[in-house]
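S.K.: Okay, handing you the structure first.
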Amino acid sequence: MATSNQTYSPIEFPPVHLAPKDGLLCFGGDLKPQTLINAYQNGIFPWFSEGEPILWWSPDPRLVLYPDEIHISKSLNKRIKRADFTVTMDRAFEDVIVACSKIRGKRRRATWLVDEMVYAYIELHKLGYAHSVESWHDGKLAGGLYGVSLGRIFFGESMFSFSTDASKVALAALCLHLQSLDFDLIDCQATSDHLISMGAREIARDSFLKTLKSSLQYSDITGLWDFKGF
């Protein structure tokens, strides 16, 4: 875990089994890097909207995607083979997270990527824990995703797409990269039809926490990531 020159008293989260099925565990605290890392290490993540206190969640069941189980449709496979998009990693983290927040706003849904969250994950990226995957088309950012990496788990946070299939290509690239690193799974957090269509599935919270504990025995792969290509 990254350390700071300032004295820091880590927040103690309640045991996750106290959270109901929807996952709301507690509220309050801060979004300092050490707090976020501590939360992820305990199977907890923040999710709140403008005007709300910081809400911490650990849902049951948990949506996960095993990197080798990603479903790539025939049409998506054709786009990958045609190299319609150029894929990179950690080249434009700030652009990706800002795009994720704007996409949600345009869809008129309450965004959880408030400024406080954006700044917090940018700080985690600077420390080497948060990573982005970018899909480019004609030199312009067309889609992507970002998340946090600890041990051998990637905690997916958000994705966006300005062009059809751009975020799906980014996810396919991430899965290929994580397979090469022997990662256990991608934590997708809450269930969505889109991610299920890509191969994600629900598992019990207890099963997720067991895998998390095992995964955290491995060293964190920090620093800038680099995608070698499909």
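In the structure tokens, chains take letters A, B, ... by order of appearance, with residues numbered from 1 within each chain and ligands from 1 in the order shown.
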Can you pull out every residue within 9 Å of Asp206 of chain A, counting only C-alpha atoms, but drop anything in the same chain fewer than 3 positions away, and send it as a PyMOL selection string?
M.R.: chain A and resi 17+60-61+203+209-211
S.K.: Per DSSP on the backbone, what are the helix (DSSP H, G or I) residues of segment 59-109 of chain A, as a VMD selection string?
M.R.: chain A and resid 67 to 69 74 to 82 93 to 106
S.K.: Would you list, as a PDB file with N, CA and C atoms, in the first residue's frame, the residues of segment 90-228 of chain A that end up in strand (DSSP E or B) under DSSP run on this structure's backbone?
M.R.:
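The file below, states_4.pdb, is the result:
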ATOM      1  N   ALA A 130      -4.574   2.694 -10.042  1.00  0.00           N
ATOM      2  CA  ALA A 130      -5.720   2.809 -10.949  1.00  0.00           C
ATOM      3  C   ALA A 130      -5.219   2.851 -12.396  1.00  0.00           C
ATOM      4  N   HIS A 131      -5.936   2.167 -13.273  1.00  0.00           N
ATOM      5  CA  HIS A 131      -5.499   2.031 -14.666  1.00  0.00           C
ATOM      6  C   HIS A 131      -6.655   2.275 -15.628  1.00  0.00           C
ATOM      7  N   SER A 132      -6.295   2.686 -16.819  1.00  0.00           N
ATOM      8  CA  SER A 132      -7.295   2.917 -17.856  1.00  0.00           C
ATOM      9  C   SER A 132      -6.947   2.124 -19.107  1.00  0.00           C
ATOM     10  N   VAL A 133      -7.978   1.816 -19.863  1.00  0.00           N
ATOM     11  CA  VAL A 133      -7.817   1.206 -21.188  1.00  0.00           C
ATOM     12  C   VAL A 133      -8.517   2.122 -22.176  1.00  0.00           C
ATOM     13  N   GLU A 134      -7.825   2.492 -23.235  1.00  0.00           N
ATOM     14  CA  GLU A 134      -8.368   3.450 -24.204  1.00  0.00           C
ATOM     15  C   GLU A 134      -8.512   2.820 -25.588  1.00  0.00           C
ATOM     16  N   SER A 135      -9.642   3.091 -26.210  1.00  0.00           N
ATOM     17  CA  SER A 135      -9.853   2.717 -27.615  1.00  0.00           C
ATOM     18  C   SER A 135      -9.829   3.995 -28.443  1.00  0.00           C
ATOM     19  N   TRP A 136      -8.967   4.030 -29.457  1.00  0.00           N
ATOM     20  CA  TRP A 136      -8.807   5.218 -30.290  1.00  0.00           C
ATOM     21  C   TRP A 136      -9.276   4.924 -31.707  1.00  0.00           C
ATOM     22  N   HIS A 137      -9.870   5.924 -32.338  1.00  0.00           N
ATOM     23  CA  HIS A 137     -10.265   5.816 -33.752  1.00  0.00           C
ATOM     24  C   HIS A 137      -9.877   7.109 -34.451  1.00  0.00           C
ATOM     25  N   LYS A 140      -8.588   9.831 -32.206  1.00  0.00           N
ATOM     26  CA  LYS A 140      -9.464  10.409 -31.192  1.00  0.00           C
ATOM     27  C   LYS A 140      -9.948   9.323 -30.232  1.00  0.00           C
ATOM     28  N   LEU A 141     -10.112   9.693 -28.971  1.00  0.00           N
ATOM     29  CA  LEU A 141     -10.576   8.755 -27.961  1.00  0.00           C
ATOM     30  C   LEU A 141     -12.028   8.376 -28.258  1.00  0.00           C
ATOM     31  N   ALA A 142     -12.257   7.087 -28.500  1.00  0.00           N
ATOM     32  CA  ALA A 142     -13.589   6.619 -28.893  1.00  0.00           C
ATOM     33  C   ALA A 142     -14.304   5.857 -27.787  1.00  0.00           C
ATOM     34  N   GLY A 143     -13.569   5.375 -26.809  1.00  0.00           N
ATOM     35  CA  GLY A 143     -14.170   4.615 -25.721  1.00  0.00           C
ATOM     36  C   GLY A 143     -13.092   4.137 -24.767  1.00  0.00           C
ATOM     37  N   GLY A 144     -13.526   3.577 -23.659  1.00  0.00           N
ATOM     38  CA  GLY A 144     -12.549   3.068 -22.714  1.00  0.00           C
ATOM     39  C   GLY A 144     -13.158   2.710 -21.381  1.00  0.00           C
ATOM     40  N   LEU A 145     -12.303   2.377 -20.444  1.00  0.00           N
ATOM     41  CA  LEU A 145     -12.732   1.997 -19.099  1.00  0.00           C
ATOM     42  C   LEU A 145     -11.595   2.275 -18.129  1.00  0.00           C
ATOM     43  N   TYR A 146     -11.929   2.241 -16.846  1.00  0.00           N
ATOM     44  CA  TYR A 146     -10.882   2.380 -15.829  1.00  0.00           C
ATOM     45  C   TYR A 146     -11.263   1.568 -14.602  1.00  0.00           C
ATOM     46  N   GLY A 147     -10.274   1.293 -13.768  1.00  0.00           N
ATOM     47  CA  GLY A 147     -10.521   0.549 -12.545  1.00  0.00           C
ATOM     48  C   GLY A 147      -9.273   0.516 -11.690  1.00  0.00           C
ATOM     49  N   VAL A 148      -9.326  -0.279 -10.647  1.00  0.00           N
ATOM     50  CA  VAL A 148      -8.248  -0.371  -9.661  1.00  0.00           C
ATOM     51  C   VAL A 148      -7.712  -1.794  -9.637  1.00  0.00           C
ATOM     52  N   SER A 149      -6.392  -1.927  -9.551  1.00  0.00           N
ATOM     53  CA  SER A 149      -5.759  -3.238  -9.518  1.00  0.00           C
ATOM     54  C   SER A 149      -5.075  -3.457  -8.175  1.00  0.00           C
ATOM     55  N   LEU A 150      -5.457  -4.548  -7.504  1.00  0.00           N
ATOM     56  CA  LEU A 150      -4.817  -4.954  -6.256  1.00  0.00           C
ATOM     57  C   LEU A 150      -4.648  -6.467  -6.292  1.00  0.00           C
ATOM     58  N   ILE A 153      -6.704  -9.063  -8.689  1.00  0.00           N
ATOM     59  CA  ILE A 153      -8.073  -8.684  -9.013  1.00  0.00           C
ATOM     60  C   ILE A 153      -8.078  -7.278  -9.581  1.00  0.00           C
ATOM     61  N   PHE A 154      -8.859  -7.097 -10.642  1.00  0.00           N
ATOM     62  CA  PHE A 154      -9.066  -5.771 -11.215  1.00  0.00           C
ATOM     63  C   PHE A 154     -10.483  -5.353 -10.858  1.00  0.00           C
ATOM     64  N   PHE A 155     -10.596  -4.244 -10.147  1.00  0.00           N
ATOM     65  CA  PHE A 155     -11.885  -3.736  -9.724  1.00  0.00           C
ATOM     66  C   PHE A 155     -12.383  -2.738 -10.764  1.00  0.00           C
ATOM     67  N   GLY A 156     -13.243  -3.203 -11.659  1.00  0.00           N
ATOM     68  CA  GLY A 156     -13.735  -2.334 -12.715  1.00  0.00           C
ATOM     69  C   GLY A 156     -14.669  -1.277 -12.160  1.00  0.00           C
ATOM     70  N   GLU A 157     -14.479  -0.044 -12.590  1.00  0.00           N
ATOM     71  CA  GLU A 157     -15.275   1.057 -12.052  1.00  0.00           C
ATOM     72  C   GLU A 157     -16.279   1.621 -13.051  1.00  0.00           C
ATOM     73  N   SER A 158     -15.842   1.936 -14.243  1.00  0.00           N
ATOM     74  CA  SER A 158     -16.764   2.530 -15.208  1.00  0.00           C
ATOM     75  C   SER A 158     -16.193   2.409 -16.618  1.00  0.00           C
ATOM     76  N   MET A 159     -17.083   2.494 -17.593  1.00  0.00           N
ATOM     77  CA  MET A 159     -16.663   2.464 -18.988  1.00  0.00           C
ATOM     78  C   MET A 159     -17.539   3.415 -19.792  1.00  0.00           C
ATOM     79  N   PHE A 160     -17.054   3.813 -20.948  1.00  0.00           N
ATOM     80  CA  PHE A 160     -17.818   4.727 -21.798  1.00  0.00           C
ATOM     81  C   PHE A 160     -17.536   4.398 -23.254  1.00  0.00           C
ATOM     82  N   SER A 161     -18.402   4.881 -24.118  1.00  0.00           N
ATOM     83  CA  SER A 161     -18.206   4.669 -25.543  1.00  0.00           C
ATOM     84  C   SER A 161     -18.796   5.830 -26.331  1.00  0.00           C
ATOM     85  N   LEU A 185      -9.880 -12.442 -11.478  1.00  0.00           N
ATOM     86  CA  LEU A 185     -11.166 -11.976 -11.994  1.00  0.00           C
ATOM     87  C   LEU A 185     -11.217 -10.459 -12.075  1.00  0.00           C
ATOM     88  N   ILE A 186     -12.249  -9.980 -12.756  1.00  0.00           N
ATOM     89  CA  ILE A 186     -12.598  -8.561 -12.778  1.00  0.00           C
ATOM     90  C   ILE A 186     -13.840  -8.398 -11.918  1.00  0.00           C
ATOM     91  N   ASP A 187     -13.770  -7.542 -10.934  1.00  0.00           N
ATOM     92  CA  ASP A 187     -14.929  -7.246 -10.102  1.00  0.00           C
ATOM     93  C   ASP A 187     -15.786  -6.226 -10.842  1.00  0.00           C
ATOM     94  N   CYS A 188     -16.985  -6.641 -11.244  1.00  0.00           N
ATOM     95  CA  CYS A 188     -17.890  -5.744 -11.956  1.00  0.00           C
ATOM     96  C   CYS A 188     -18.894  -5.089 -11.011  1.00  0.00           C
ATOM     97  N   GLN A 189     -18.836  -5.479  -9.737  1.00  0.00           N
ATOM     98  CA  GLN A 189     -19.634  -4.878  -8.670  1.00  0.00           C
ATOM     99  C   GLN A 189     -21.121  -5.172  -8.799  1.00  0.00           C
ATOM    100  N   ARG A 201     -20.824 -12.941 -14.647  1.00  0.00           N
ATOM    101  CA  ARG A 201     -21.845 -13.718 -13.937  1.00  0.00           C
ATOM    102  C   ARG A 201     -21.817 -13.388 -12.447  1.00  0.00           C
ATOM    103  N   GLU A 202     -22.903 -13.686 -11.804  1.00  0.00           N
ATOM    104  CA  GLU A 202     -23.013 -13.413 -10.377  1.00  0.00           C
ATOM    105  C   GLU A 202     -22.445 -14.566  -9.558  1.00  0.00           C
ATOM    106  N   ILE A 203     -21.755 -14.204  -8.473  1.00  0.00           N
ATOM    107  CA  ILE A 203     -21.309 -15.201  -7.505  1.00  0.00           C
ATOM    108  C   ILE A 203     -21.672 -14.686  -6.118  1.00  0.00           C
TER     109      ILE A 203
END
S.K.: Excluding Phe45 of chain A and any residue of its chain fewer than 2 positions from it, enumerate the residues within 12 Å of it, using only C-alpha atoms, and give them as a PyMOL selection string.
M.R.: chain A and resi 13+16+23-27+31+35-43+47-48+54-59+62+112+117+147-148+155-157+187-190
S.K.: Find the spatial neighbours of Phe227 of chain A, counting only C-alpha atoms, within a cut-off of 10 Å - ignore same-chain residues fewer than 6 positions away - and output them as a ChimeraX atom specification.
M.R.: /A:87-90,133-134,173-174,176-177
S.K.: Using the selection just defined, write its residues with N, CA and C atoms as a short mmCIF file (atom, residue, chain, number, x, y, z; two decimals), in the first residue's frame.
M.R.:
data_model
loop_
_atom_site.label_atom_id
_atom_site.label_comp_id
_atom_site.auth_asym_id
_atom_site.auth_seq_id
_atom_site.Cartn_x
_atom_site.Cartn_y
_atom_site.Cartn_z
N VAL A 87 -5.81 0.25 -29.40
CA VAL A 87 -6.00 0.14 -27.95
C VAL A 87 -4.71 0.44 -27.21
N THR A 88 -4.81 1.25 -26.17
CA THR A 88 -3.67 1.56 -25.31
C THR A 88 -4.10 1.43 -23.86
N MET A 89 -3.12 1.48 -22.98
CA MET A 89 -3.39 1.46 -21.54
C MET A 89 -2.64 2.59 -20.86
N ASP A 90 -3.31 3.24 -19.95
CA ASP A 90 -2.71 4.30 -19.12
C ASP A 90 -2.11 5.44 -19.93
N VAL A 133 -7.98 1.82 -19.86
CA VAL A 133 -7.82 1.21 -21.19
C VAL A 133 -8.52 2.12 -22.18
N GLU A 134 -7.83 2.49 -23.23
CA GLU A 134 -8.37 3.45 -24.20
C GLU A 134 -8.51 2.82 -25.59
N ALA A 173 -9.56 -6.19 -24.58
CA ALA A 173 -8.12 -5.97 -24.42
C ALA A 173 -7.71 -6.15 -22.96
N LEU A 174 -8.52 -5.62 -22.05
CA LEU A 174 -8.22 -5.77 -20.63
C LEU A 174 -8.19 -7.24 -20.24
N LEU A 176 -7.58 -9.85 -22.06
CA LEU A 176 -6.39 -10.49 -22.63
C LEU A 176 -5.16 -10.12 -21.80
N HIS A 177 -5.06 -8.86 -21.43
CA HIS A 177 -3.92 -8.41 -20.62
C HIS A 177 -3.91 -9.10 -19.26
#
S.K.: Which residue gives the smallest distance to Gly51 of chain A among A:Ala200, A:Ala170, A:Ala120, A:Val114, with only C-alpha atoms counted?
M.R.: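 Nearest candidate to Gly51 of chain A out of A:Ala200, A:Ala170, A:Ala120, A:Val114: A:Val114.
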S.K.: Interatomic distance between atom CA of Ile80 of chain A and atom CA of Leu124 of chain A?
M.R.: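 Taking atom CA of Ile80 of chain A and atom CA of Leu124 of chain A, their separation equals 29.9 Å.
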S.K.: Between atom CA of Pro46 of chain A and atom CA of Gln179 of chain A, what is the distance, to one decimal in Å?
M.R.: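 Spanning atom CA of Pro46 of chain A to atom CA of Gln179 of chain A is a straight-line distance of 26.6 Å.
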S.K.: Show me, as a ChimeraX atom specification, the residues that have an atom within 10 Å of Lys126 of chain A when counting only C-alpha atoms, minus same-chain residues fewer than 6 positions from it.
M.R.: /A:93,222-224
S.K.: Might you pull out every residue within 10 Å of Tyr119 of chain A, with only C-alpha atoms counted and same-chain residues fewer than 4 positions away left off, and present them as a list of chain:residue names?
M.R.: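 Counting only the stated atoms, we get A:Leu31, A:Lys32, A:Glu94, A:Ile97, A:Val98, A:Leu113, A:Val114, A:Asp115, A:Glu123, A:Leu124, A:His125.
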S.K.: Here is a test: counting only C-alpha atoms, which residue of A:Val169, A:Ile11, A:Ala83, A:Leu181 is nearest to Arg152 of chain A?
M.R.: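 Going through A:Val169, A:Ile11, A:Ala83, A:Leu181 one by one, the smallest distance to Arg152 of chain A is for A:Leu181.
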S.K.: Using only C-alpha atoms for the distances, tell me which of A:Glu12, A:Gly199, A:Leu127, A:Phe85 is nearest to Glu69 of chain A.
M.R.: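 The answer is A:Gly199, which sits nearest to Glu69 of chain A.
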